[in-house]
Structures are given as structure tokens and as C-alpha cells.
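Data first, discussion second: the structure below is written as C-alpha cells.
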Amino acid sequence: MTDNDAAAVQLSIEDGVAVITVNNPPVNAISQAVRQGLVDAMKIVTTDAAIKAAVIRGAGKVFIAGADVREFGKPPMEPFLPEVVTTIEATDKPVAAAIHGVALGGGFEIALGCHCRVMSPNARVGFPEVNLGIIPGAGGTQRLPRLCGVEKAADLVTSGRQVGAKEAMEAGLIDVIAESEDDLLSAAKRLALSKVKSPLRRISEMSVPAPAAADFFTTEKAKITRAARGQHSPVRALEAVEAAATLPFAEGMKRERAIFQELRASDQAKALRHVFFGERAVSKVPGLENARPRKLDKLAVIGGGTMGAGIAVACLRAGFPVVMIEADAAALDRGKGNVDKNLEGFVSRGRLTADAKDEHLGRLALSLDYGALKDADLVIEAVFEDMEVKKTVFGKLDAAMKPGAVLATNTSYLDINAIAAATTRPGDVIGLHFFSPAFVMRLLEIVRPARTSDDVVATGFELAKKLGKVGVLSGVCDGFIGNRILAKTRKQADYMIEDGALPWDVDKAMEAFGMPMGPFRVMDLAGLDIAWAQRKRTVATRDPKERYVEIADRICEQGWFGQKTGRGWYVYEAGKPVPNPEVEKIILAESARKGIARRTIPAQEIQDRILYAMINEGARIVDEGIAARPLDVDMVKVFGYGFPRWRGGPLCTVDIIGLPKVLDGIRAFARDDPLFWKPSALLERLVAEGKTFADLNT
Ligand code: CAA
Ligand code: NAI
């Protein structure tokens, strides 16, 4: 414990108050040195007669962001956090927490170990542990209910939601909101000194108020279990809060610690840590370390349909001025209407005020004239998925855009090298593949054609960051990373319904796997007509050896395109999907026509076929260098396709279940269908070498 600038915890004495500063950049994560430093600081506070009270605060941009997630996979080192918090709480001089930025997880637990808390007005507190597959492990679940009641505590601990100063004050989590961040330290000192002569409030000594409803924990458990879709941590967090309500503090602490330790070692926690670091690692592309983004002040979109309008809204929400270009006046009007409708959705959900909506619309310029693009730094084309239309548009963009501007296409499948070749500046052309709705979905595939320069790729990542999205780099191939994998899993889903399953069996199995919606419900949502048109377009180039399932064509021939026509695989009555009985007849007729003896396909086999198809194609994508690392494939599936976070993505899942098992499974499926189930060479190589996909992430 020193006051030298490099120490993880520093102590200085100001006006009789020990100012204890946690200094572990970038986010003051609670490393072993921080824990030891806090214990040592408390010793000084207790023994130094010149100290009347203490304040704990964080250096830099946050108070404390929680335990050091990087230490989780390693053997724990003393002193452990619960002891640190207990030591702070047991101190016989008042200790105040001065919270700025965030106090999360273990950081919030340290604040709850203090006798009082001050927050700066824009700070946040919370327990995000459930998102890492664990629960608070240093008394958070035991102290919080004592402070704010079990209902609020259960809400915060099971959701991982972070709350601002106002809500924290109303819930009794803090004592004071400082006037400003600048005033925080003096407010904390004043608060701590004001407690010198009064009995100290130790939260562990308080009692837990009973919940208002006697059956609170039973109903809450059912609700949380449903919402968690297979993830364990939220339900276990509730169990810990219940322990606080039913056991003495010391016993509750033991229960919390036991659950924490059990979960910390779990596969789910491992997968969720992979997503936590993967989300941050995707933008650190090997080889692009020195690339600097180009200027990004003014944006433009071409096309105001589903995607163009959605992308415009995402950009407006991030504060950019946006120019929208359409083909004719009527389409431009529709484009504006689409933007308006999307923004209105935010207003009706209480996430945007009417004034802010007007301000957003004020930043949208509409034009039919490409001359309006002359100041734009980056343009995103989202016109019809047709190569000739795209080439014409890119020719016009080439003529209109200033030198150095980035020319991006949102194409789903088309060859971006060919689009780039329609310009005189292929080095400035890139794919920015958004997902619908573009103002909601976090994934942005940044697709790099052969001649794109590094700083254009860096600009793609910069845009992703500014839009709050997870940018993942992909090479050019049919469907890029995400839709290329999707095409394989869709094929398996098609084969299975022809072989014996029904669409709702497939959906149920995949929802039990943890997907928010099964593949057939997703198709109904997206519209069956788009894929039908694509199939008709590619009929001539289809591999005649490949098995082709016609069931979806039969459905589309009825004019059933999914939710938009009220009928698809399902019938939508009052918006709720009910299996379409006609679909079953069509499926049985198609199986019979092809002479297929239908068989029951167990849920486990459905899950394996879809998962193994994802893994196999994902491995090929890595092997071909389309994805830089396995983690890039995982982040695409997690952030763009609803793959359960707690499974970490397909290539994290295969590491957990074992590569040999999956390879054996693929080989077994290959006995019936060798064309589809050709094992990826990378998967075979990793199995032969006894390695995992994680080995390729580092
Ligand atoms: N442990 C280790 N490293 C962490 C970390 C943590 N808890 N939190 C953030 N980091 C690292 C990030 O990996 C990143 O590192 P790189 O620069 O090398 O990529 C760096 O800190 C900056 O993080 P962000 O890019 O996320 O920065 P930001 O400014 O956007 O956000 C933040 C800052 C709000 C603190 C955000 O990082 C965050 O939410 N962190 C996670 C907090 C969390 O989950 N805490 C709970 C931990 S579990 C726990 O505490 C259990 C317990 O009871 C003991
Ligand atoms: P859409 O049909 O809803 O919108 C296309 C818009 O482009 C129309 O408003 C049309 O008037 C306009 N347009 C056509 N030619 C134009 C031209 N020459 N100049 C200016 N505007 C023109 O189509 P959608 O769904 O928005 O798709 C657009 C692009 O985004 C396609 O390339 C598609 O593959 C891709 N995409 C679509 C996704 C989706 O879920 N719909 C997801 C990701 C990408």
C-alpha cells in the first residue's frame, strides 16, 4: 500500500479523510493487487489516528467495473473479494463510496460494503454478472435486498440491468447524488465526515423486508426460467436473493458463494466470457493494427426501402446527418415515410421524445439528385438485389462522390468485387451488410473485396462503433459469413421436413436449444417470397446432384408468404402462430411423391443436424480465410442470428462438446448424405492434432 502513482490502490489523507483511489486502468477491474491494496488501506484507516473517515473512489473514467474477468479461468488468489468487502464494512470509521462512471459487479459490491454512497449524476450501478454466466459472489445478492427489498433486488440481479443515479437514489441504494462529477469527491468527504459521530450503517446487519406477495419467488422463478431460454445464471441469481430473504446473513453468504463458484466453473460461464471478449476482439483484426479510419461526419443511403430506411434510422439515432437518394419522387416519399414510421416506433415505446424525433428528421435530407452526395464521407447503397441495378448506381456514385469517400453496398449475396469494378476507385468500395431491422440488430458484417484499402476497412469498423454495432470482418463469398451458414442450416431444415419432421417439430427443438425462434418461424417473419424469387433465379445453375426440396415452392405457389400474408408455415391468428394444417398435407404429399418413408426425427437429432451444419460450414469459412478467426464466426451467429449467447457461438460450442464427437456425428450423417456432410478439412485437422477452435483465436 503506497501513495505512488503506479500502485493499484493509492491512499492520501485530505482534511482528516483517507482518500483511497483504485487505479487499475482501463476500468479498475478488481485484480489481486486491487484486493490486497484495499485490505492494506483499511488497515491504515483503522490504525492511523489522523484519519477520521475514508472515501473509496476510482481513478480514470469509472469507479470499478467489477472483478477482473481475465482472472476467472485461473486459480483464485487471496485475498478473496468477500473478505475485502467484509473488511471495509467492519472498519470502525465511516467509509463512503464515491461512484462515477460505473460501479458494476464486484465494484458495486465494494460500494455496498461501504457505510454510505454518493453517485455523480451520470453514473450507473448494477450487477451484470448474469451476462457472464455467474452471480455476484461477494455479498451483492445478500446486501442488495437488505437495502432495497427483494423485488427490486431480484429485478437488478437477475436482469443485469444497470441503473442511473436517480433510480438508485429512489431505490435507497445510495445516500446522495453529487451536483456534478467535479463535486463528487468533496460530496463524498462531507458525507463520510457527517457520519463520524453516529453509529455506522452496516448493510449486513440490516434485516430483509418480506416480499409484498407471499408467492413472489415461485412466480418470479417461473417467469425468469421462461425468459432465460436455457441460461442458468438468472434463475440461480434469484435463488441467492431468496436465500437472503430466508437465511441469516452469514448463511446466505455461504449459499451465494457456493452458487457463484459452481457457476464460475460452468460451460455457460466459459461461453459467455468468450462472447464478452469476442465482442471486443472482433474489431482488432490481425494485420489492421495500423489502419486509421477516414473522416466520418456526413452519411448517405441510396434506397429508402426496408434496409435503406432502417440504415438511415440507425445513422440518425447515432447523431449523423444523412442524405437519402431514391429512384423517383414516389419512392422517395415512401422512403421518408419508412424512416418516419421507424422513428415513431421509438416514440411509442417511450425511447424517443416527439421533439427528438423532429430533430432526427431535421438531419435527414431527401433527394433524387446524386449531386446531393458531394459532401458525404460514406454512402451505403441499399437498392434492389440486382447486379445490373447496383452497377448502374455505383457508376453514378463514382461520378458524384468526392475523392476519398467510402462507397459501401448492403448487398446480401452479390459479388462485391464485381460491384467495385463498376467504379474507377475499387480501393474505396466495401460491403457493409446490415441486418433487419437495421436500427435494432447489433451485427454489421464488414465485407472486404480484393482491392479495398485498409483505411476503408478501418472506417467500416469506426462506423460500426459509432452506430453501437458489432462489426465483423468477412471476405467475399456467397452469403458472406452469416447467410452462407444460414443457407446450410436451412437446407438441413428442409431435408428434415421431407424425411419425417414437421416444421413445428424443428422449431420446437431449436427453441429448446436456446434460439429465440425456430428456422420456420424466422422464414415466416422475413417473408417466403424473397427466398422463392432467389430459388427461381438460380434454377439454371443448381447442381443437379444436389437434393432439392420443393415443399417451400408448393407453399409459395399458394400465395402464402408468411406473416405478411397471414399464412405461411404457420397461420397467424391475432398475430400468434398456429401450425398451418395445409402445410402438413403438402409435406406428406411431397415425401410420398419422392418415395420417402417418413420417420420420426428426435429433437436431439434435429438440434445436432442444424448445429453440426453450422459448425462444419463455420469451420470451412475459417479455413478459407473468409473469417479471420473462429471467434468472428461466433460473433456473427450470436449478434446477427440469435444463437444463444450462453452457448458462445457454434465454434465455441464445438470446443465445449468436443471436436471428435462432432466430427464422428458428421461422418455418421455422411453415410446417408455424403454430398452435404463432407467434413471440413480444418475440423479434421484440429481433431488429428488434438486442438480446439479456441487455439486459433489467439
Ligand atoms: N475485467 C477485465 N477486463 C475488463 C473488464 C473486467 N471486468 N471490463 C472491461 N474490461 C476491459 C475490456 O476487455 C477492454 O479491454 P481491451 O481494451 O483490451 O479490449 C477494456 O477493459 C475497455 O472496456 P470497453 O471496451 O468495454 O470500454 P467501455 O468504455 O466501452 O465500457 C465498461 C466500460 C462499462 C466498464 C464495460 O467494459 C463493461 O461493462 N465491463 C464489464 C463489467 C462487468 O461485467 N463487470 C462484472 C464483472 S463480474 C464480477 O464482478 C463478479 C463478482 O462478483 C466478483
Ligand atoms: P426494398 O425493395 O425494400 O428496397 C429497395 C429500394 O431501393 C426501393 O425503395 C427502391 O425504390 C430503391 N431503388 C431501386 N433502384 C434504385 C436506384 N437506382 N436508385 C435509388 N433507389 C433505388 O429492398 P431491401 O429489402 O431494403 O433490400 C435492399 C438491399 O439490402 C438488397 O441488396 C438486399 O439484398 C439487402 N439486404 C436486405 C435485407 C433484408 O432483410 N431485407 C437484409 C440485408 C441486406
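Ligands are numbered from 1 in the order shown, residues from 1 within each chain, and chains are lettered A, B, ... in the order they appear in the C-alpha cells.
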Dump as a Markdown table the rows for residues of chain A within 8 Å of ligand 2: closest atom pair and distance in Å with one decimal, only C-alpha atoms and all ligand atoms counted, ordered by chain and rising residue number.
| residue | atom | partner | partner_atom_place_in_ligand_line | distance |
| --- | --- | --- | --- | --- |
| A:Ile302 | CA | ligand 2 | 20 (C) | 5.2 |
| A:Gly303 | CA | ligand 2 | 7 (O) | 3.8 |
| A:Gly304 | CA | ligand 2 | 9 (O) | 4.6 |
| A:Gly305 | CA | ligand 2 | 4 (O) | 3.3 |
| A:Thr306 | CA | ligand 2 | 26 (O) | 3.8 |
| A:Met307 | CA | ligand 2 | 26 (O) | 3.6 |
| A:Gly308 | CA | ligand 2 | 26 (O) | 5.5 |
| A:Ala309 | CA | ligand 2 | 26 (O) | 7.5 |
| A:Ile325 | CA | ligand 2 | 20 (C) | 5.7 |
| A:Glu326 | CA | ligand 2 | 20 (C) | 3.8 |
| A:Ala327 | CA | ligand 2 | 20 (C) | 3.9 |
| A:Asp328 | CA | ligand 2 | 11 (O) | 7.3 |
| A:Ala331 | CA | ligand 2 | 11 (O) | 5.0 |
| A:Leu332 | CA | ligand 2 | 11 (O) | 7.4 |
| A:Arg334 | CA | ligand 2 | 9 (O) | 7.3 |
| A:Gly335 | CA | ligand 2 | 9 (O) | 6.4 |
| A:Leu368 | CA | ligand 2 | 20 (C) | 7.9 |
| A:Glu381 | CA | ligand 2 | 29 (C) | 7.5 |
| A:Ala382 | CA | ligand 2 | 29 (C) | 4.1 |
| A:Val383 | CA | ligand 2 | 7 (O) | 3.4 |
| A:Phe384 | CA | ligand 2 | 5 (C) | 4.7 |
| A:Glu385 | CA | ligand 2 | 32 (O) | 3.9 |
| A:Asp386 | CA | ligand 2 | 32 (O) | 7.2 |
| A:Val389 | CA | ligand 2 | 18 (N) | 5.9 |
| A:Lys390 | CA | ligand 2 | 18 (N) | 7.3 |
| A:Thr392 | CA | ligand 2 | 18 (N) | 7.1 |
| A:Val393 | CA | ligand 2 | 18 (N) | 5.6 |
| A:Thr409 | CA | ligand 2 | 32 (O) | 7.5 |
| A:Asn410 | CA | ligand 2 | 30 (O) | 5.1 |
| A:Thr411 | CA | ligand 2 | 32 (O) | 3.8 |
| A:Ser412 | CA | ligand 2 | 34 (O) | 4.2 |
| A:Tyr413 | CA | ligand 2 | 34 (O) | 6.7 |
| A:Leu414 | CA | ligand 2 | 32 (O) | 7.9 |
| A:His433 | CA | ligand 2 | 44 (C) | 5.9 |
| A:Phe434 | CA | ligand 2 | 43 (C) | 5.3 |
| A:Phe435 | CA | ligand 2 | 42 (C) | 4.8 |
| A:Ser436 | CA | ligand 2 | 40 (O) | 4.7 |
| A:Pro437 | CA | ligand 2 | 40 (O) | 7.3 |
| A:Ala526 | CA | ligand 2 | 40 (O) | 6.8 |
_Selection as number ranges by chain: residues within 6 Å of ligand 1 by only C-alpha atoms and all ligand atoms_ = A: 26-27, 29, 65-70, 104-106, 128-129, 136-138, 277, 280
Output file for the selection above: C-alpha atoms, as a tab-separated table (two decimals), in the first residue's frame:
chain	number	residue	atom	x	y	z
A	26	PRO	CA	-8.55	0.93	-18.09
A	27	VAL	CA	-11.60	0.14	-15.91
A	29	ALA	CA	-11.04	-4.21	-12.59
A	65	ALA	CA	-16.07	-2.16	-13.40
A	66	GLY	CA	-16.05	-5.39	-11.38
A	67	ALA	CA	-13.96	-8.46	-10.97
A	68	ASP	CA	-11.14	-8.93	-13.45
A	69	VAL	CA	-12.83	-11.22	-15.96
A	70	ARG	CA	-9.43	-12.35	-17.19
A	104	LEU	CA	-20.51	-2.85	-11.65
A	105	GLY	CA	-20.44	-6.35	-10.19
A	106	GLY	CA	-17.70	-6.59	-7.61
A	128	PRO	CA	-24.06	-7.59	-14.89
A	129	GLU	CA	-22.78	-10.97	-13.61
A	136	PRO	CA	-22.47	-11.68	-7.66
A	137	GLY	CA	-20.11	-13.56	-5.38
A	138	ALA	CA	-19.14	-11.04	-2.72
A	277	PHE	CA	-14.12	-10.81	-25.05
A	280	ARG	CA	-14.36	-6.62	-28.12
For segment 50-114 of chain A against segment 140-164 of chain A, with a cut-off of 12 Å and counting only C-alpha atoms, what is the closest atom pair and its distance in Å to one decimal for every residue that makes the cut, ordered by chain and number, as a Markdown table?
| residue | atom | partner | partner_atom | distance |
| --- | --- | --- | --- | --- |
| A:Ala65 | CA | A:Gln162 | CA | 11.9 |
| A:Gly66 | CA | A:Gly140 | CA | 11.7 |
| A:Leu81 | CA | A:Gly140 | CA | 11.0 |
| A:Pro82 | CA | A:Gly140 | CA | 9.5 |
| A:Val85 | CA | A:Gly140 | CA | 10.0 |
| A:Thr86 | CA | A:Arg143 | CA | 11.2 |
| A:Glu89 | CA | A:Arg143 | CA | 11.3 |
| A:Ile99 | CA | A:Gly164 | CA | 11.0 |
| A:His100 | CA | A:Gly164 | CA | 10.7 |
| A:Gly101 | CA | A:Gly164 | CA | 10.1 |
| A:Val102 | CA | A:Gln162 | CA | 8.9 |
| A:Ala103 | CA | A:Gln162 | CA | 9.3 |
| A:Leu104 | CA | A:Gln162 | CA | 8.1 |
| A:Gly105 | CA | A:Gly140 | CA | 7.8 |
| A:Gly106 | CA | A:Gly140 | CA | 7.9 |
| A:Gly107 | CA | A:Gly140 | CA | 9.9 |
| A:Phe108 | CA | A:Gly140 | CA | 7.7 |
| A:Glu109 | CA | A:Gly140 | CA | 5.3 |
| A:Ile110 | CA | A:Gly140 | CA | 8.9 |
| A:Ala111 | CA | A:Gly140 | CA | 9.8 |
| A:Leu112 | CA | A:Arg143 | CA | 7.0 |
| A:Gly113 | CA | A:Arg143 | CA | 8.4 |
| A:Cys114 | CA | A:Arg143 | CA | 11.1 |
Now that the selection is made, can you save its residues with all heavy atoms as a compact mmCIF listing (two decimals), in the first residue's frame?
# COMPACT_ATOMS: atom_id res chain seq x y z
N ALA A 65 -15.19 -1.43 -12.47
CA ALA A 65 -16.07 -2.16 -13.40
C ALA A 65 -16.31 -3.61 -12.99
O ALA A 65 -16.97 -4.35 -13.69
CB ALA A 65 -15.49 -2.13 -14.81
N GLY A 66 -15.77 -4.03 -11.85
CA GLY A 66 -16.05 -5.39 -11.38
C GLY A 66 -14.82 -6.24 -11.31
O GLY A 66 -13.69 -5.75 -11.48
N LEU A 81 -12.61 -11.51 -2.70
CA LEU A 81 -13.42 -10.28 -2.64
C LEU A 81 -14.39 -10.23 -1.45
O LEU A 81 -14.53 -9.17 -0.82
CB LEU A 81 -14.14 -10.07 -3.97
CG LEU A 81 -14.79 -8.70 -4.13
CD1 LEU A 81 -13.80 -7.55 -3.99
CD2 LEU A 81 -15.49 -8.60 -5.49
N PRO A 82 -15.07 -11.34 -1.09
CA PRO A 82 -16.00 -11.23 0.06
C PRO A 82 -15.28 -10.74 1.32
O PRO A 82 -15.82 -9.92 2.07
CB PRO A 82 -16.51 -12.66 0.25
CG PRO A 82 -16.31 -13.32 -1.08
CD PRO A 82 -15.10 -12.68 -1.70
N VAL A 85 -14.69 -6.98 1.07
CA VAL A 85 -15.91 -6.20 1.33
C VAL A 85 -16.22 -6.22 2.83
O VAL A 85 -16.56 -5.19 3.43
CB VAL A 85 -17.09 -6.76 0.50
CG1 VAL A 85 -18.38 -6.03 0.83
CG2 VAL A 85 -16.79 -6.65 -1.00
N THR A 86 -16.07 -7.40 3.45
CA THR A 86 -16.32 -7.51 4.90
C THR A 86 -15.36 -6.62 5.67
O THR A 86 -15.75 -5.96 6.64
CB THR A 86 -16.15 -8.98 5.34
OG1 THR A 86 -16.98 -9.77 4.53
CG2 THR A 86 -16.55 -9.18 6.79
N GLU A 89 -16.54 -3.09 5.42
CA GLU A 89 -17.76 -2.87 6.22
C GLU A 89 -17.46 -2.86 7.72
O GLU A 89 -18.04 -2.10 8.50
CB GLU A 89 -18.79 -3.96 5.90
CG GLU A 89 -20.17 -3.65 6.43
CD GLU A 89 -21.16 -4.77 6.15
OE1 GLU A 89 -20.88 -5.93 6.48
OE2 GLU A 89 -22.25 -4.48 5.60
N ILE A 99 -18.94 7.26 -6.39
CA ILE A 99 -19.13 6.49 -7.63
C ILE A 99 -19.26 7.42 -8.84
O ILE A 99 -20.19 8.23 -8.91
CB ILE A 99 -20.39 5.61 -7.52
CG1 ILE A 99 -20.26 4.65 -6.32
CG2 ILE A 99 -20.63 4.83 -8.82
CD1 ILE A 99 -21.56 3.96 -5.95
N HIS A 100 -18.34 7.28 -9.79
CA HIS A 100 -18.50 7.97 -11.08
C HIS A 100 -18.37 6.91 -12.18
O HIS A 100 -17.89 5.80 -11.92
CB HIS A 100 -17.46 9.08 -11.25
CG HIS A 100 -16.10 8.58 -11.61
ND1 HIS A 100 -15.35 7.77 -10.78
CD2 HIS A 100 -15.36 8.74 -12.74
CE1 HIS A 100 -14.21 7.48 -11.37
NE2 HIS A 100 -14.19 8.05 -12.56
N GLY A 101 -18.82 7.22 -13.37
CA GLY A 101 -18.75 6.23 -14.45
C GLY A 101 -19.65 5.06 -14.14
O GLY A 101 -20.88 5.19 -14.16
N VAL A 102 -19.06 3.93 -13.78
CA VAL A 102 -19.88 2.79 -13.38
C VAL A 102 -19.30 2.12 -12.14
O VAL A 102 -18.10 2.16 -11.90
CB VAL A 102 -19.97 1.71 -14.49
CG1 VAL A 102 -20.75 2.19 -15.69
CG2 VAL A 102 -18.59 1.20 -14.90
N ALA A 103 -20.21 1.54 -11.33
CA ALA A 103 -19.82 0.60 -10.28
C ALA A 103 -20.57 -0.67 -10.62
O ALA A 103 -21.78 -0.75 -10.44
CB ALA A 103 -20.24 1.12 -8.90
N LEU A 104 -19.84 -1.64 -11.16
CA LEU A 104 -20.51 -2.85 -11.65
C LEU A 104 -19.97 -4.07 -10.92
O LEU A 104 -18.80 -4.12 -10.54
CB LEU A 104 -20.28 -3.02 -13.15
CG LEU A 104 -20.81 -1.90 -14.06
CD1 LEU A 104 -20.46 -2.17 -15.52
CD2 LEU A 104 -22.33 -1.78 -13.92
N GLY A 105 -20.86 -5.07 -10.77
CA GLY A 105 -20.44 -6.35 -10.19
C GLY A 105 -19.70 -6.16 -8.88
O GLY A 105 -20.20 -5.50 -7.96
N GLY A 106 -18.50 -6.71 -8.82
CA GLY A 106 -17.70 -6.59 -7.61
C GLY A 106 -17.46 -5.14 -7.21
O GLY A 106 -17.29 -4.84 -6.03
N GLY A 107 -17.48 -4.24 -8.18
CA GLY A 107 -17.30 -2.81 -7.88
C GLY A 107 -18.48 -2.29 -7.09
O GLY A 107 -18.33 -1.52 -6.13
N PHE A 108 -19.68 -2.73 -7.47
CA PHE A 108 -20.88 -2.32 -6.74
C PHE A 108 -20.89 -2.99 -5.36
O PHE A 108 -21.32 -2.41 -4.37
CB PHE A 108 -22.11 -2.70 -7.58
CG PHE A 108 -23.41 -2.12 -7.09
CD1 PHE A 108 -23.47 -0.96 -6.32
CD2 PHE A 108 -24.62 -2.74 -7.41
CE1 PHE A 108 -24.68 -0.44 -5.88
CE2 PHE A 108 -25.83 -2.22 -6.98
CZ PHE A 108 -25.86 -1.08 -6.21
N GLU A 109 -20.37 -4.22 -5.30
CA GLU A 109 -20.31 -4.92 -4.00
C GLU A 109 -19.39 -4.17 -3.04
O GLU A 109 -19.68 -4.07 -1.85
CB GLU A 109 -19.84 -6.37 -4.21
CG GLU A 109 -20.95 -7.20 -4.85
CD GLU A 109 -20.52 -8.63 -5.17
OE1 GLU A 109 -19.46 -8.77 -5.83
OE2 GLU A 109 -21.22 -9.55 -4.78
N ILE A 110 -18.28 -3.65 -3.56
CA ILE A 110 -17.39 -2.85 -2.71
C ILE A 110 -18.14 -1.62 -2.21
O ILE A 110 -18.08 -1.26 -1.03
CB ILE A 110 -16.11 -2.47 -3.49
CG1 ILE A 110 -15.24 -3.72 -3.66
CG2 ILE A 110 -15.34 -1.34 -2.81
CD1 ILE A 110 -13.99 -3.54 -4.48
N ALA A 111 -18.90 -0.99 -3.10
CA ALA A 111 -19.67 0.19 -2.70
C ALA A 111 -20.71 -0.17 -1.63
O ALA A 111 -20.97 0.61 -0.72
CB ALA A 111 -20.36 0.81 -3.92
N LEU A 112 -21.28 -1.39 -1.74
CA LEU A 112 -22.28 -1.80 -0.74
C LEU A 112 -21.62 -2.19 0.58
O LEU A 112 -22.28 -2.23 1.63
CB LEU A 112 -23.11 -2.99 -1.27
CG LEU A 112 -24.03 -2.70 -2.46
CD1 LEU A 112 -24.77 -3.97 -2.89
CD2 LEU A 112 -25.03 -1.60 -2.16
N GLY A 113 -20.32 -2.47 0.55
CA GLY A 113 -19.59 -2.73 1.78
C GLY A 113 -19.30 -1.43 2.53
O GLY A 113 -19.08 -1.43 3.73
N CYS A 114 -19.33 -0.31 1.80
CA CYS A 114 -19.12 1.00 2.44
C CYS A 114 -20.36 1.37 3.28
O CYS A 114 -21.43 0.80 3.10
CB CYS A 114 -18.89 2.06 1.36
SG CYS A 114 -17.38 1.78 0.42
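Between Ala271 of chain A and the residues A:Ala312, A:Leu651, A:Ala450, A:Val622, the shortest atom-to-atom distance, using only C-alpha atoms, involves A:Leu651.
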Can you list, as a PDB file with C-alpha atoms, in the first residue's frame, all residues belonging to segment 334-453 of chain A that DSSP tags as strand (DSSP E)?
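Written output follows (out_36.pdb):
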ATOM      1  CA  LEU A 364     -32.425  13.771 -42.948  1.00  0.00           C
ATOM      2  CA  ALA A 365     -32.076  15.321 -46.407  1.00  0.00           C
ATOM      3  CA  LEU A 366     -34.057  13.751 -49.283  1.00  0.00           C
ATOM      4  CA  SER A 367     -33.052  13.974 -52.905  1.00  0.00           C
ATOM      5  CA  LEU A 378     -19.589   7.477 -46.739  1.00  0.00           C
ATOM      6  CA  VAL A 379     -22.557   6.185 -48.726  1.00  0.00           C
ATOM      7  CA  ILE A 380     -24.422   2.922 -48.181  1.00  0.00           C
ATOM      8  CA  GLU A 381     -26.256   1.570 -51.200  1.00  0.00           C
ATOM      9  CA  VAL A 406     -16.199   5.392 -48.912  1.00  0.00           C
ATOM     10  CA  LEU A 407     -18.652   3.621 -51.250  1.00  0.00           C
ATOM     11  CA  ALA A 408     -20.460   0.807 -49.436  1.00  0.00           C
ATOM     12  CA  THR A 409     -23.034  -1.737 -50.556  1.00  0.00           C
ATOM     13  CA  VAL A 429     -15.527   0.132 -52.164  1.00  0.00           C
ATOM     14  CA  ILE A 430     -16.637  -2.109 -49.310  1.00  0.00           C
ATOM     15  CA  GLY A 431     -19.615  -4.187 -48.182  1.00  0.00           C
ATOM     16  CA  LEU A 432     -21.496  -3.035 -45.105  1.00  0.00           C
ATOM     17  CA  HIS A 433     -24.062  -5.752 -44.542  1.00  0.00           C
ATOM     18  CA  PHE A 434     -26.717  -4.679 -42.045  1.00  0.00           C
ATOM     19  CA  LEU A 443     -24.357  -7.176 -36.177  1.00  0.00           C
ATOM     20  CA  LEU A 444     -22.663  -5.387 -39.073  1.00  0.00           C
ATOM     21  CA  GLU A 445     -20.727  -7.590 -41.486  1.00  0.00           C
ATOM     22  CA  ILE A 446     -17.870  -5.572 -42.961  1.00  0.00           C
ATOM     23  CA  VAL A 447     -17.161  -7.286 -46.254  1.00  0.00           C
ATOM     24  CA  ARG A 448     -13.771  -6.762 -47.811  1.00  0.00           C
TER      25      ARG A 448
END
